[in-house]
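Structure first, then comments.
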Amino acid sequence: MMNSVRKLVSCVILDLDGTLVNTDGIVCEVLKAYLVKYEKKWDGREAHKIIGKTPIEAAAAIVEDYGLPLSKEDLLSEISPMFSDQWCKLKALPGAYRLITHLRGHGVQMALASNSPRASIETKISYHPTWKESFSAIIAGDEVKSGKPSPEIFLEAAKRLSIDPSKCLVIEDSLPGITAAKAAEMEVVAVPSQPKQSHLYTAADEVINSLLDLRPENWGLPPFEDWIDSTLPLEPWHIGGPVIKGYGRGSKVLGIPTANLSVEGYATVLAEHPAGVYFGWAKLSNRGVYKMVMSLGWNPYFNNTEKTIEPWLLHDFNGDFYGEELHLIIVGYIRPEANFPSLESLVAKIHEDGKIAENALELPSYAKYKDEKYFTSIAIGEDGHL
């Protein structure tokens, strides 16, 4: 897992919306509700036009795309209170707390640079303890003449940190943010907030699937020390339901009998967790508890059109178990979702994932979740957490 150092940096500048917090879900909820009065329907396909934009630019895009009979200023004044009412529901993205805590603990200076107005930033981070005091500087979009993609906001961050821009590492989810950071002559790690968009981020110095995949040592920063035998422990989360027929490729194409779960009712959970390979414990009603490794995502090799959950129970069963209740406790992470040049290389990687999960689940920190009490004490719901 060790990689060579790309470049030595002295500080980290973080974007907020879509990078540290999952703003997209709330934006979709608010716009869906708002557009109803104009008999319009928000379906998310235009999301890329507003990600990373200043509020007034995003409002202008919505007015134009939906042909709304009001000005961008009026739209902004109408929906801003709706957003303010929802920020209390704003969740940190996976790996955000881990990254901030890690950098702060090692004395790495951090700044927050967001196109959002100062008041909005303050409200959002107020729901995340320790964040505000972790940043040596916070720069808002209404505190500079031009927001991203202008480099001004990042140059101001470097100035306040008293660090040369070339020694700054920016972590961003949006194309305007990446453009701004490169114009400021900074190093950039892109964490695309929209699925299947990595190919658009060629200007970034590195593209990762989620903050869970960030390797600070690539930039001369202290490495994370929480990986255990090629696995990353997670706060356990839960998902379950009847086993359904999937694409028919598990046993037939891959030679690996995956047990597909319906995603119905789990939209929130799927949105919260990045595509990748996870592992944990699986309970089949009336059969027992088994080790499992799980793919969550679009399976690029097969180019799925929807995000799916495909667990592989690491046990030899006689026959299938369609319709049986399957409950999963996900306790760790192995790697991001990836594409493969051949079916053989995909199958080999799946088996490698299986061996990693098999061995890791013997460790006490993971093995304890096999206990029946973790399955009997959880309420199945859309939040998916223990």
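Chains: A, B, ... in order of the structure tokens. Residues: from 1 per chain. Ligands: from 1, in order shown.
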Polymer residues at most 10 Å from region 170-185 of chain A, only C-alpha atoms, same-chain spacing of 3 or more positions, as a ChimeraX atom specification | /A:11-20,48,50-54,110-115,147-156,158,164-167,188-194,200-208,210-211,214
Shell of 12 Å around Lys72 (chain A), only C-alpha atoms, local chain residues under 3 positions omitted, as a PyMOL selection string = chain A and resi 54-69+75-80
If you keep N, CA, C and O atoms, can you produce a file of those selected residues as an mmCIF file, in the first residue's frame?
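Saved file selection_35.cif follows:
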data_model
loop_
_atom_site.group_PDB
_atom_site.id
_atom_site.type_symbol
_atom_site.label_atom_id
_atom_site.label_comp_id
_atom_site.auth_asym_id
_atom_site.auth_seq_id
_atom_site.Cartn_x
_atom_site.Cartn_y
_atom_site.Cartn_z
ATOM 1 N N THR A 54 -20.650 29.139 -7.105
ATOM 2 C CA THR A 54 -21.106 30.053 -6.066
ATOM 3 C C THR A 54 -22.638 29.958 -6.019
ATOM 4 O O THR A 54 -23.276 29.554 -7.007
ATOM 5 N N PRO A 55 -23.260 30.339 -4.905
ATOM 6 C CA PRO A 55 -24.722 30.249 -4.819
ATOM 7 C C PRO A 55 -25.444 30.983 -5.940
ATOM 8 O O PRO A 55 -26.421 30.467 -6.497
ATOM 9 N N ILE A 56 -24.967 32.169 -6.306
ATOM 10 C CA ILE A 56 -25.650 32.941 -7.343
ATOM 11 C C ILE A 56 -25.470 32.296 -8.713
ATOM 12 O O ILE A 56 -26.385 32.306 -9.554
ATOM 13 N N GLU A 57 -24.301 31.687 -8.959
ATOM 14 C CA GLU A 57 -24.083 30.966 -10.221
ATOM 15 C C GLU A 57 -24.967 29.732 -10.300
ATOM 16 O O GLU A 57 -25.528 29.418 -11.362
ATOM 17 N N ALA A 58 -25.103 29.027 -9.180
ATOM 18 C CA ALA A 58 -25.961 27.841 -9.152
ATOM 19 C C ALA A 58 -27.418 28.235 -9.386
ATOM 20 O O ALA A 58 -28.144 27.564 -10.131
ATOM 21 N N ALA A 59 -27.841 29.336 -8.767
ATOM 22 C CA ALA A 59 -29.213 29.813 -8.956
ATOM 23 C C ALA A 59 -29.464 30.180 -10.415
ATOM 24 O O ALA A 59 -30.525 29.871 -10.970
ATOM 25 N N ALA A 60 -28.486 30.813 -11.039
ATOM 26 C CA ALA A 60 -28.624 31.205 -12.453
ATOM 27 C C ALA A 60 -28.785 29.971 -13.335
ATOM 28 O O ALA A 60 -29.603 29.969 -14.271
ATOM 29 N N ALA A 61 -28.023 28.919 -13.042
ATOM 30 C CA ALA A 61 -28.105 27.687 -13.830
ATOM 31 C C ALA A 61 -29.478 27.043 -13.688
ATOM 32 O O ALA A 61 -30.054 26.552 -14.675
ATOM 33 N N ILE A 62 -30.039 27.054 -12.499
ATOM 34 C CA ILE A 62 -31.356 26.450 -12.265
ATOM 35 C C ILE A 62 -32.452 27.244 -12.967
ATOM 36 O O ILE A 62 -33.340 26.675 -13.612
ATOM 37 N N VAL A 63 -32.378 28.559 -12.869
ATOM 38 C CA VAL A 63 -33.376 29.415 -13.534
ATOM 39 C C VAL A 63 -33.367 29.160 -15.040
ATOM 40 O O VAL A 63 -34.424 29.025 -15.676
ATOM 41 N N GLU A 64 -32.172 29.081 -15.603
ATOM 42 C CA GLU A 64 -32.051 28.875 -17.054
ATOM 43 C C GLU A 64 -32.504 27.484 -17.465
ATOM 44 O O GLU A 64 -33.287 27.322 -18.416
ATOM 45 N N ASP A 65 -32.016 26.455 -16.772
ATOM 46 C CA ASP A 65 -32.309 25.081 -17.170
ATOM 47 C C ASP A 65 -33.789 24.732 -17.044
ATOM 48 O O ASP A 65 -34.321 23.946 -17.832
ATOM 49 N N TYR A 66 -34.458 25.323 -16.051
ATOM 50 C CA TYR A 66 -35.860 24.979 -15.821
ATOM 51 C C TYR A 66 -36.822 26.064 -16.304
ATOM 52 O O TYR A 66 -38.039 25.932 -16.141
ATOM 53 N N GLY A 67 -36.280 27.116 -16.908
ATOM 54 C CA GLY A 67 -37.130 28.171 -17.444
ATOM 55 C C GLY A 67 -38.022 28.796 -16.386
ATOM 56 O O GLY A 67 -39.216 29.040 -16.636
ATOM 57 N N LEU A 68 -37.473 29.064 -15.218
ATOM 58 C CA LEU A 68 -38.278 29.603 -14.125
ATOM 59 C C LEU A 68 -38.574 31.088 -14.346
ATOM 60 O O LEU A 68 -37.713 31.844 -14.800
ATOM 61 N N PRO A 69 -39.777 31.516 -13.995
ATOM 62 C CA PRO A 69 -40.195 32.911 -14.229
ATOM 63 C C PRO A 69 -39.774 33.870 -13.108
ATOM 64 O O PRO A 69 -40.590 34.632 -12.579
ATOM 65 N N LEU A 75 -34.695 33.688 -6.825
ATOM 66 C CA LEU A 75 -34.630 32.257 -6.529
ATOM 67 C C LEU A 75 -33.764 32.019 -5.298
ATOM 68 O O LEU A 75 -34.142 31.267 -4.391
ATOM 69 N N LEU A 76 -32.623 32.667 -5.269
ATOM 70 C CA LEU A 76 -31.696 32.483 -4.155
ATOM 71 C C LEU A 76 -32.333 32.917 -2.830
ATOM 72 O O LEU A 76 -32.194 32.232 -1.799
ATOM 73 N N SER A 77 -33.053 34.016 -2.853
ATOM 74 C CA SER A 77 -33.679 34.506 -1.617
ATOM 75 C C SER A 77 -34.805 33.576 -1.155
ATOM 76 O O SER A 77 -35.075 33.455 0.042
ATOM 77 N N GLU A 78 -35.451 32.897 -2.102
ATOM 78 C CA GLU A 78 -36.551 31.997 -1.749
ATOM 79 C C GLU A 78 -36.057 30.658 -1.211
ATOM 80 O O GLU A 78 -36.647 30.091 -0.283
ATOM 81 N N ILE A 79 -34.978 30.122 -1.806
ATOM 82 C CA ILE A 79 -34.548 28.784 -1.390
ATOM 83 C C ILE A 79 -33.511 28.794 -0.262
ATOM 84 O O ILE A 79 -33.338 27.772 0.408
ATOM 85 N N SER A 80 -32.859 29.917 -0.044
ATOM 86 C CA SER A 80 -31.841 29.963 1.023
ATOM 87 C C SER A 80 -32.395 29.571 2.382
ATOM 88 O O SER A 80 -31.777 28.774 3.106
#
Kindly give the distance, in Å, that separates CA of Leu326 (chain A) and CA of Ala282 (chain A), rounded to a single decimal.
-> 6.7 Å
Excluding Asp353 (chain A) and residues on its chain fewer than 5 positions from it, collect all residues at most 8 Å away from it, counting only C-alpha atoms, and give them as a PyMOL selection string.
-> chain A and resi 277+293+334
Can you write just those residues out, all heavy atoms, as a CSV table (one decimal), in the first residue's frame?
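See again02.csv below for the written result:
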chain,number,residue,atom,x,y,z
A,277,VAL,N,-15.1,-2.1,-1.9
A,277,VAL,CA,-15.2,-3.4,-1.4
A,277,VAL,C,-15.1,-3.4,0.1
A,277,VAL,O,-14.1,-2.8,0.7
A,277,VAL,CB,-14.1,-4.3,-2.0
A,277,VAL,CG1,-14.1,-5.7,-1.4
A,277,VAL,CG2,-14.2,-4.4,-3.5
A,293,VAL,N,-17.6,-10.8,2.1
A,293,VAL,CA,-17.0,-9.7,1.5
A,293,VAL,C,-18.0,-9.1,0.5
A,293,VAL,O,-18.8,-9.9,-0.1
A,293,VAL,CB,-15.7,-10.1,0.8
A,293,VAL,CG1,-15.9,-11.1,-0.3
A,293,VAL,CG2,-14.9,-8.9,0.3
A,334,ILE,N,-11.9,-2.5,2.3
A,334,ILE,CA,-10.7,-3.1,1.7
A,334,ILE,C,-10.1,-2.2,0.6
A,334,ILE,O,-8.9,-1.8,0.7
A,334,ILE,CB,-11.0,-4.5,1.1
A,334,ILE,CG1,-11.3,-5.4,2.2
A,334,ILE,CG2,-9.7,-5.0,0.4
A,334,ILE,CD1,-11.7,-6.8,1.8
Please run DSSP on the backbone and report, as a ChimeraX atom specification, all residues within region 84-266 of chain A that come out as helix (DSSP H, G or I).
-> /A:84-89,96-105,118-126,131-134,141-143,152-161,165-167,175-183,198-200,211-213,216-219,250-254
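Among A:Leu169, A:Met292, A:Ala92, A:Ile239, the residue with the shortest atom-to-atom distance to Tyr333 (chain A), counting only C-alpha atoms, is A:Met292.
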Excluding Asn209 (chain A) and any residue of its chain fewer than 6 positions from it, enumerate the residues within 10 Å of it, using only C-alpha atoms, and give them as a list in words.
->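 So the residues in contact are Ala190, Val191, Pro192, Ser193, Pro195, Lys196, Ser198, Pro274, Ala275, Gly276, Arg335, Pro336, Glu337 and Ala338 of chain A.
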Shell around Pro117 (chain A) at 6 Å using only C-alpha atoms, local window under 3 positions removed, as a PyMOL selection string = chain A and resi 120+140-142
What is the CA of Tyr97 (chain A) to CA of Ile125 (chain A) distance in Å?
-> 11.7 Å
Pick the closest to Gly332 (chain A) from A:His128, A:His238, A:Lys349, A:Lys307: which is it, counting only C-alpha atoms?
->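 So, comparing all the options, the nearest one is A:His238.
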Tell me which protein, DNA and RNA residues are within 10 Å of Gly25 (chain A), counting only C-alpha atoms, leaving out same-chain ones fewer than 5 positions away, and put them as JSON, numbers by chain.
-> {"A": [18, 30, 44, 89, 90, 91, 268, 271, 272]}
Between CA of Lys291 (chain A) and CA of Ala96 (chain A), what is the distance, to one decimal in Å?
->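 Interatomic distance, CA of Lys291 (chain A) to CA of Ala96 (chain A): 27.9 Å.
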What are the DSSP strand (DSSP E) residues of region 53-287 of chain A, as an NGL selection string?
-> :A and (109-114 or 137-140 or 168-172 or 187-190 or 206-207 or 232-244 or 260-261 or 276-284)
Between A:Val5, A:Cys88, A:Met294, A:Leu346, which is the closest to Val331 (chain A) once you count only C-alpha atoms?
->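 Under the stated criterion, the closest residue is A:Met294.
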